[in-house]
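To start, the structure itself, in structure tokens.
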Amino acid sequence: MSAGFQKRINRLASAAGRSCLHGGLKGIEKEALRVKTNGELASSPHPRALGSPLTNRFITTDFSEALLEFVTPALPQTWETLRFLCDIHQYSYERMNGELLWATSMPCRIPADDQIPLALYGKSNIGRMKTIYRNGLGYRYGRTMQTIAGIHFNYSLPETFWPVFKDVEQYDGSLQALKSDAYLGLIRNFRRYGWLILYLFGASPALCKSFSSGADVRMSSLDEHTWYEPFATSLRMSDLGYSNKTQAGLKISVNSLADYISDLERAISTPDPAYEQIGVKNNGEYRQLSANQLQIENEYYSSIRPKRVAMSGERPTTALRRDGIEYVELRSLDINAFDPVGINQHAMRFVEAFLAYCLLEESPPIDDVGAGEAARNHRITATHGRDPALMLLRGGREVSLTPWAGEIVKGVRQVAELIDSDGGDGSTYVESVDMQSELVANPDATPSARLLNELHERQCSFFEFALDCAVGHQQYFASLAPLAPEQLQLFEREARESLERQDEIEASDTLEFDEYLANYFASV
């Protein structure tokens with residue numbers, strides 16, 4: 001903890017708005033594969049009873065027709081967000097014709113790459129664009145990698161925080177400029193300290209061998225069906241998954257909003273020789289949206305992103321240029337197989353306090369050396385985070401993970417105390433931080449260690465374990481009391497109206513797709 005962090009904490013604690021950290025908005029985007037009862041990837045279309053994945057606010061799809069994505073509103077209380085996520089699960093299970101939701105981030109028994117179905121969004125221009133983008137991802141990275149699922153945590157500090165923080169910082173600019181600067185500081189510090197999230201919440205130390213069929217895998221073999229790393233926390237976030245080497249050469253600065261937008265737009269407009277070899281069209285059919293380093297902004301695989309809700313048809317960078325950063329999207333949380341919805345309140349409260357800590361801690365600009373150091377710490381924690389001999393890099397020096405983690409958690413705990421000080425929930429945030437503090441001292445209690453221990457004790461494969469969990473989760477949601485009438489009506493109305501909205505979008509298209517795509521990329 002820096003002197004600057006301690007100074008901010010003390011000033012916030014003594015300010016008139018000392019509860020200004022309580023009630024930040026939290027939203028969850030949770031991905032989950034639809035699978036058959038035997039654990040194989042579902043080949044059925046997206047259930048029509050769940051509405052249109054193009055326009056449903058709460059239930060959509062990600063890369064594949066079989067990869068559901070559940071989206072909660074941004075709500076001020078963790079229990080509200082978790083309750084809403086639970087309700088989406090219950091509503092969906094009842095309309096999936098007996099199919100299961102896979103219980104882990106690393107996927108089920110995966111078919112051949114070309115047998116993994118792309119998500120379909122209808123015949124509108126925007127719907128076609130979304131499917132072509134996913135087709136491009138398949139060509140660039142392989143469809144198998146896109147079946148990895150995770151949890152995205154969207155967070156914004158409460159509006160009451162910013163005027164108080166402006167006074168604390170004696171900031172001369174506008175409130176929106178302060179927000180953007182502060183959120184970028186948070187993002188830089190998350191890059192520095194985000195390895196801790198992998199250590200505490202990583203839950204993908206093993207995977208089904210079908211995921212890496214034919215690949216040169218340098219991992220331990222648990223059995224004929226399972227690869228694993230003895231000290232891994234999150235293989236999902238390793239080079240095997242979303243922290244892949246393909247984008248390693250991209251340099252996207254988060255030292256200023258202008259730099260971030262400029263670097264992303266440069267990547268979207270700069271041709272890549274490997275992608276030019278794929279081609280944009282083949283016999284008149286699109287293979288990808290472009291042959292550039294990134295097709296669109298969302299292709300940039302970052303563990304955390306600055307975000308603003310975009311208007312219809314608006315590019316993410318255009319939204320950021322228009323009004324600055326509104327919230328951050330943390331993307332490095334694995335699905336926890338031990339929780340029916342994949343995450344719990346204690347994890348959410350720690351993550352919230354951790355993100356606020358990253359904002360309040362000193363956050364100087366990151367140069368190339370610092371970026372390389374942060375990436376290395378992230379990568380090695382993903383694959384060897386529970387190794388007692390693991391050494392991270394801190395300012396060019398090797399340090400042990402445990403004491404550094406303990407130091408960060410102490411700072412997070414001070415933030416939790418501030419959140420709890422006038423939040424009306426007693427000491428819930430402090431309790432959640434203390435629970436994670438115990439995991440720093442006892443790596444065998446982390447979700448990744450617990451999962452491996454289950455495999456060893458039960459003498460089962462990763463696939464068998466995950467399938468058992470999926471069946472158990474289905475039974476859990478089936479045992480719950482029926483949804484409250486108003487919640488059921490909300491989901492039913494959204495499903496029905498989402499189909500109507502898709503029809504309206506398709507009927508209103510007037511441009512040929514080539515012209516629509518050109519206009520989209522020309523917009524700024």
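Letters A, B, ... go to the chains of the structure tokens in the order shown; residues in each chain start at 1; ligands are counted from 1 in the same order.
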
Inset, instruction - Write out as a list in words which residues come within 12 Å of Leu490 of chain A when counting only C-alpha atoms, dropping same-chain ones fewer than 2 positions away. - result: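 My list of contacting residues is Asn56, Arg57, Phe58, Phe84, Asp87, Ile88, Tyr91, Leu483, Ala484, Pro485, Glu486, Gln487, Leu488, Glu492, Arg493, Glu494, Ala495, Arg496, Glu497 and Ser498 of chain A.
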
Inset, instruction - Go through segment 213-429 of chain A and collect every residue that DSSP, computed from the backbone, puts in helix (DSSP H, G or I); the answer should be as a ChimeraX atom specification. - result: /A:235-237,245-247,257-269,273-278,297-299,316-323,345-360,368-384,401-420,428-429

Can you write out the residues you just picked, keeping C-alpha atoms, as a PDB file, in the first residue's frame?
```pdb
ATOM      1  CA  LEU A 235      -5.837 -22.601 -17.540  1.00  0.00           C
ATOM      2  CA  ARG A 236      -8.665 -20.629 -19.130  1.00  0.00           C
ATOM      3  CA  MET A 237      -6.582 -17.470 -18.666  1.00  0.00           C
ATOM      4  CA  LYS A 245      -0.091 -15.652 -28.094  1.00  0.00           C
ATOM      5  CA  THR A 246      -1.906 -14.525 -31.250  1.00  0.00           C
ATOM      6  CA  GLN A 247      -2.537 -11.049 -29.836  1.00  0.00           C
ATOM      7  CA  LEU A 257      -8.315   7.374 -22.947  1.00  0.00           C
ATOM      8  CA  ALA A 258      -7.121   8.988 -26.171  1.00  0.00           C
ATOM      9  CA  ASP A 259      -4.261   6.479 -26.424  1.00  0.00           C
ATOM     10  CA  TYR A 260      -6.577   3.543 -25.718  1.00  0.00           C
ATOM     11  CA  ILE A 261      -9.059   4.585 -28.404  1.00  0.00           C
ATOM     12  CA  SER A 262      -6.295   5.390 -30.904  1.00  0.00           C
ATOM     13  CA  ASP A 263      -4.501   2.067 -30.382  1.00  0.00           C
ATOM     14  CA  LEU A 264      -7.700   0.056 -30.741  1.00  0.00           C
ATOM     15  CA  GLU A 265      -8.716   1.918 -33.893  1.00  0.00           C
ATOM     16  CA  ARG A 266      -5.242   1.400 -35.344  1.00  0.00           C
ATOM     17  CA  ALA A 267      -5.507  -2.353 -34.751  1.00  0.00           C
ATOM     18  CA  ILE A 268      -8.947  -2.400 -36.405  1.00  0.00           C
ATOM     19  CA  SER A 269      -7.566  -0.654 -39.514  1.00  0.00           C
ATOM     20  CA  PRO A 273      -0.645 -10.837 -43.249  1.00  0.00           C
ATOM     21  CA  ALA A 274      -1.887 -14.047 -41.609  1.00  0.00           C
ATOM     22  CA  TYR A 275      -5.484 -12.864 -41.741  1.00  0.00           C
ATOM     23  CA  GLU A 276      -5.059 -11.673 -45.340  1.00  0.00           C
ATOM     24  CA  GLN A 277      -4.178 -15.274 -46.164  1.00  0.00           C
ATOM     25  CA  ILE A 278      -7.586 -16.326 -44.799  1.00  0.00           C
ATOM     26  CA  GLU A 297     -13.081  -3.782 -30.661  1.00  0.00           C
ATOM     27  CA  ASN A 298     -14.527  -6.801 -28.838  1.00  0.00           C
ATOM     28  CA  GLU A 299     -11.941  -9.090 -30.403  1.00  0.00           C
ATOM     29  CA  PRO A 316     -17.550   0.960 -28.489  1.00  0.00           C
ATOM     30  CA  THR A 317     -14.679   3.371 -29.171  1.00  0.00           C
ATOM     31  CA  THR A 318     -17.145   5.965 -30.457  1.00  0.00           C
ATOM     32  CA  ALA A 319     -19.143   5.668 -27.231  1.00  0.00           C
ATOM     33  CA  LEU A 320     -15.977   6.133 -25.167  1.00  0.00           C
ATOM     34  CA  ARG A 321     -14.923   9.149 -27.218  1.00  0.00           C
ATOM     35  CA  ARG A 322     -18.400  10.634 -26.849  1.00  0.00           C
ATOM     36  CA  ASP A 323     -18.758  10.583 -23.066  1.00  0.00           C
ATOM     37  CA  GLN A 345     -21.666 -13.173  -2.937  1.00  0.00           C
ATOM     38  CA  HIS A 346     -18.355 -13.455  -1.114  1.00  0.00           C
ATOM     39  CA  ALA A 347     -16.477 -13.527  -4.408  1.00  0.00           C
ATOM     40  CA  MET A 348     -18.509 -10.600  -5.746  1.00  0.00           C
ATOM     41  CA  ARG A 349     -17.902  -8.498  -2.639  1.00  0.00           C
ATOM     42  CA  PHE A 350     -14.182  -9.163  -2.685  1.00  0.00           C
ATOM     43  CA  VAL A 351     -13.951  -8.313  -6.373  1.00  0.00           C
ATOM     44  CA  GLU A 352     -15.858  -5.062  -5.818  1.00  0.00           C
ATOM     45  CA  ALA A 353     -13.572  -4.029  -2.965  1.00  0.00           C
ATOM     46  CA  PHE A 354     -10.519  -5.111  -4.975  1.00  0.00           C
ATOM     47  CA  LEU A 355     -11.528  -2.958  -7.943  1.00  0.00           C
ATOM     48  CA  ALA A 356     -12.087   0.031  -5.656  1.00  0.00           C
ATOM     49  CA  TYR A 357      -8.649  -0.650  -4.146  1.00  0.00           C
ATOM     50  CA  CYS A 358      -7.131  -0.598  -7.637  1.00  0.00           C
ATOM     51  CA  LEU A 359      -8.753   2.791  -8.218  1.00  0.00           C
ATOM     52  CA  LEU A 360      -7.557   4.299  -4.938  1.00  0.00           C
ATOM     53  CA  ASP A 368       6.597  -1.624 -22.134  1.00  0.00           C
ATOM     54  CA  VAL A 369       8.723  -3.125 -19.375  1.00  0.00           C
ATOM     55  CA  GLY A 370       5.922  -2.842 -16.832  1.00  0.00           C
ATOM     56  CA  ALA A 371       3.411  -4.272 -19.295  1.00  0.00           C
ATOM     57  CA  GLY A 372       5.680  -7.250 -19.951  1.00  0.00           C
ATOM     58  CA  GLU A 373       6.170  -7.812 -16.239  1.00  0.00           C
ATOM     59  CA  ALA A 374       2.416  -7.689 -15.583  1.00  0.00           C
ATOM     60  CA  ALA A 375       1.699 -10.100 -18.440  1.00  0.00           C
ATOM     61  CA  ARG A 376       4.334 -12.497 -17.147  1.00  0.00           C
ATOM     62  CA  ASN A 377       2.873 -12.445 -13.618  1.00  0.00           C
ATOM     63  CA  HIS A 378      -0.601 -13.078 -15.005  1.00  0.00           C
ATOM     64  CA  ARG A 379       0.590 -15.936 -17.192  1.00  0.00           C
ATOM     65  CA  ILE A 380       2.640 -17.730 -14.544  1.00  0.00           C
ATOM     66  CA  THR A 381      -0.066 -17.396 -11.882  1.00  0.00           C
ATOM     67  CA  ALA A 382      -2.556 -18.969 -14.276  1.00  0.00           C
ATOM     68  CA  THR A 383      -0.382 -22.049 -14.740  1.00  0.00           C
ATOM     69  CA  HIS A 384       1.581 -22.278 -11.460  1.00  0.00           C
ATOM     70  CA  LEU A 401       3.386 -14.465  -4.307  1.00  0.00           C
ATOM     71  CA  THR A 402       2.170 -15.005  -0.740  1.00  0.00           C
ATOM     72  CA  PRO A 403       3.511 -11.880   1.023  1.00  0.00           C
ATOM     73  CA  TRP A 404       2.661  -9.655  -1.932  1.00  0.00           C
ATOM     74  CA  ALA A 405      -0.877 -11.065  -2.011  1.00  0.00           C
ATOM     75  CA  GLY A 406      -1.166 -10.509   1.733  1.00  0.00           C
ATOM     76  CA  GLU A 407      -0.127  -6.882   1.335  1.00  0.00           C
ATOM     77  CA  ILE A 408      -2.752  -6.272  -1.366  1.00  0.00           C
ATOM     78  CA  VAL A 409      -5.485  -7.995   0.656  1.00  0.00           C
ATOM     79  CA  LYS A 410      -4.729  -5.699   3.613  1.00  0.00           C
ATOM     80  CA  GLY A 411      -5.434  -2.716   1.378  1.00  0.00           C
ATOM     81  CA  VAL A 412      -8.588  -4.341   0.027  1.00  0.00           C
ATOM     82  CA  ARG A 413      -9.727  -4.897   3.599  1.00  0.00           C
ATOM     83  CA  GLN A 414      -9.458  -1.166   4.344  1.00  0.00           C
ATOM     84  CA  VAL A 415     -11.697  -0.504   1.351  1.00  0.00           C
ATOM     85  CA  ALA A 416     -14.126  -3.155   2.631  1.00  0.00           C
ATOM     86  CA  GLU A 417     -14.240  -1.441   6.024  1.00  0.00           C
ATOM     87  CA  LEU A 418     -15.171   1.795   4.285  1.00  0.00           C
ATOM     88  CA  ILE A 419     -17.910   0.097   2.261  1.00  0.00           C
ATOM     89  CA  ASP A 420     -19.288  -1.523   5.407  1.00  0.00           C
ATOM     90  CA  THR A 428     -20.278  -8.349   5.149  1.00  0.00           C
ATOM     91  CA  TYR A 429     -17.547  -6.955   2.897  1.00  0.00           C
TER      92      TYR A 429
END
```

Inset, instruction - From segment 286-325 of chain A, collect each residue whose DSSP state is strand (DSSP E or B) and return the set as a count of residues only. - result: 6

Legend entry - One-decimal distance in Å that lies between atom CA of Pro306 of chain A and atom CA of Ala13 of chain A: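 Answer for the atom CA of Ala13 of chain A to atom CA of Pro306 of chain A separation: 27.0 Å.
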
Write out as a PDB file with N, CA, C and O atoms, in the first residue's frame the residues lying within 12 Å of Asp367 of chain A, counting only C-alpha atoms and excluding same-chain residues fewer than 5 positions away.
```
ATOM      1  N   ARG A 188      -5.014   0.052 -15.008  1.00  0.00           N
ATOM      2  CA  ARG A 188      -3.555  -0.165 -14.948  1.00  0.00           C
ATOM      3  C   ARG A 188      -3.187  -0.996 -13.729  1.00  0.00           C
ATOM      4  O   ARG A 188      -2.371  -1.925 -13.796  1.00  0.00           O
ATOM      5  N   ARG A 192      -1.538  -4.795 -13.045  1.00  0.00           N
ATOM      6  CA  ARG A 192      -0.424  -5.080 -12.128  1.00  0.00           C
ATOM      7  C   ARG A 192      -0.777  -6.159 -11.105  1.00  0.00           C
ATOM      8  O   ARG A 192       0.050  -6.994 -10.748  1.00  0.00           O
ATOM      9  N   LYS A 251      -0.205  -3.721 -28.865  1.00  0.00           N
ATOM     10  CA  LYS A 251       0.080  -2.809 -27.758  1.00  0.00           C
ATOM     11  C   LYS A 251      -1.078  -1.812 -27.664  1.00  0.00           C
ATOM     12  O   LYS A 251      -1.179  -0.888 -28.471  1.00  0.00           O
ATOM     13  N   ILE A 252      -1.933  -2.048 -26.681  1.00  0.00           N
ATOM     14  CA  ILE A 252      -3.085  -1.173 -26.457  1.00  0.00           C
ATOM     15  C   ILE A 252      -2.846  -0.442 -25.142  1.00  0.00           C
ATOM     16  O   ILE A 252      -2.935  -1.029 -24.067  1.00  0.00           O
ATOM     17  N   SER A 253      -2.536   0.833 -25.221  1.00  0.00           N
ATOM     18  CA  SER A 253      -2.189   1.613 -24.032  1.00  0.00           C
ATOM     19  C   SER A 253      -3.428   1.944 -23.204  1.00  0.00           C
ATOM     20  O   SER A 253      -4.501   2.220 -23.752  1.00  0.00           O
ATOM     21  N   VAL A 254      -3.261   1.921 -21.897  1.00  0.00           N
ATOM     22  CA  VAL A 254      -4.313   2.399 -20.994  1.00  0.00           C
ATOM     23  C   VAL A 254      -3.779   3.567 -20.151  1.00  0.00           C
ATOM     24  O   VAL A 254      -4.266   3.827 -19.066  1.00  0.00           O
ATOM     25  N   ASN A 255      -2.797   4.264 -20.697  1.00  0.00           N
ATOM     26  CA  ASN A 255      -2.247   5.419 -19.979  1.00  0.00           C
ATOM     27  C   ASN A 255      -3.095   6.671 -20.171  1.00  0.00           C
ATOM     28  O   ASN A 255      -3.021   7.599 -19.376  1.00  0.00           O
ATOM     29  N   GLY A 372       5.139  -5.897 -19.820  1.00  0.00           N
ATOM     30  CA  GLY A 372       5.680  -7.250 -19.951  1.00  0.00           C
ATOM     31  C   GLY A 372       5.742  -7.970 -18.620  1.00  0.00           C
ATOM     32  O   GLY A 372       5.451  -9.170 -18.532  1.00  0.00           O
ATOM     33  N   GLU A 373       6.106  -7.235 -17.587  1.00  0.00           N
ATOM     34  CA  GLU A 373       6.170  -7.812 -16.239  1.00  0.00           C
ATOM     35  C   GLU A 373       4.778  -8.234 -15.773  1.00  0.00           C
ATOM     36  O   GLU A 373       4.597  -9.329 -15.220  1.00  0.00           O
ATOM     37  N   ALA A 374       3.786  -7.373 -15.996  1.00  0.00           N
ATOM     38  CA  ALA A 374       2.416  -7.689 -15.583  1.00  0.00           C
ATOM     39  C   ALA A 374       1.882  -8.907 -16.332  1.00  0.00           C
ATOM     40  O   ALA A 374       1.245  -9.782 -15.743  1.00  0.00           O
ATOM     41  N   GLY A 395       8.582  -4.653  -9.994  1.00  0.00           N
ATOM     42  CA  GLY A 395       9.577  -3.616 -10.229  1.00  0.00           C
ATOM     43  C   GLY A 395      10.928  -4.180 -10.598  1.00  0.00           C
ATOM     44  O   GLY A 395      11.962  -3.621 -10.229  1.00  0.00           O
TER      45      GLY A 395
END
```

Legend entry - Selected residue, from A:Gly342, A:Gly142, A:Gly279, A:Gly4, that lies nearest to Glu31 of chain A when counting only C-alpha atoms: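 Smallest distance to Glu31 of chain A is found for A:Gly342.
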
Contacts of Pro117 of chain A at 8 Å or less, counting only C-alpha atoms, minus same-chain residues fewer than 4 places along, as a compact mmCIF listing (two decimals) with N, CA and C atoms, in the first residue's frame?
```
# COMPACT_ATOMS: atom_id res chain seq x y z
N SER A 43 -26.34 -29.69 -30.15
CA SER A 43 -26.39 -29.34 -31.57
C SER A 43 -27.71 -28.66 -31.93
N SER A 64 -20.99 -19.45 -29.86
CA SER A 64 -21.70 -20.57 -30.46
C SER A 64 -23.19 -20.54 -30.16
N GLU A 65 -23.96 -21.17 -31.02
CA GLU A 65 -25.38 -21.35 -30.77
C GLU A 65 -25.59 -22.09 -29.46
N ALA A 66 -24.59 -22.88 -29.05
CA ALA A 66 -24.69 -23.66 -27.82
C ALA A 66 -24.10 -22.95 -26.61
```

Inset, instruction - For atom CA of Ala112 of chain A and atom CA of Ser212 of chain A, quote the distance in Å rounded to one decimal. - result: 10.4 Å
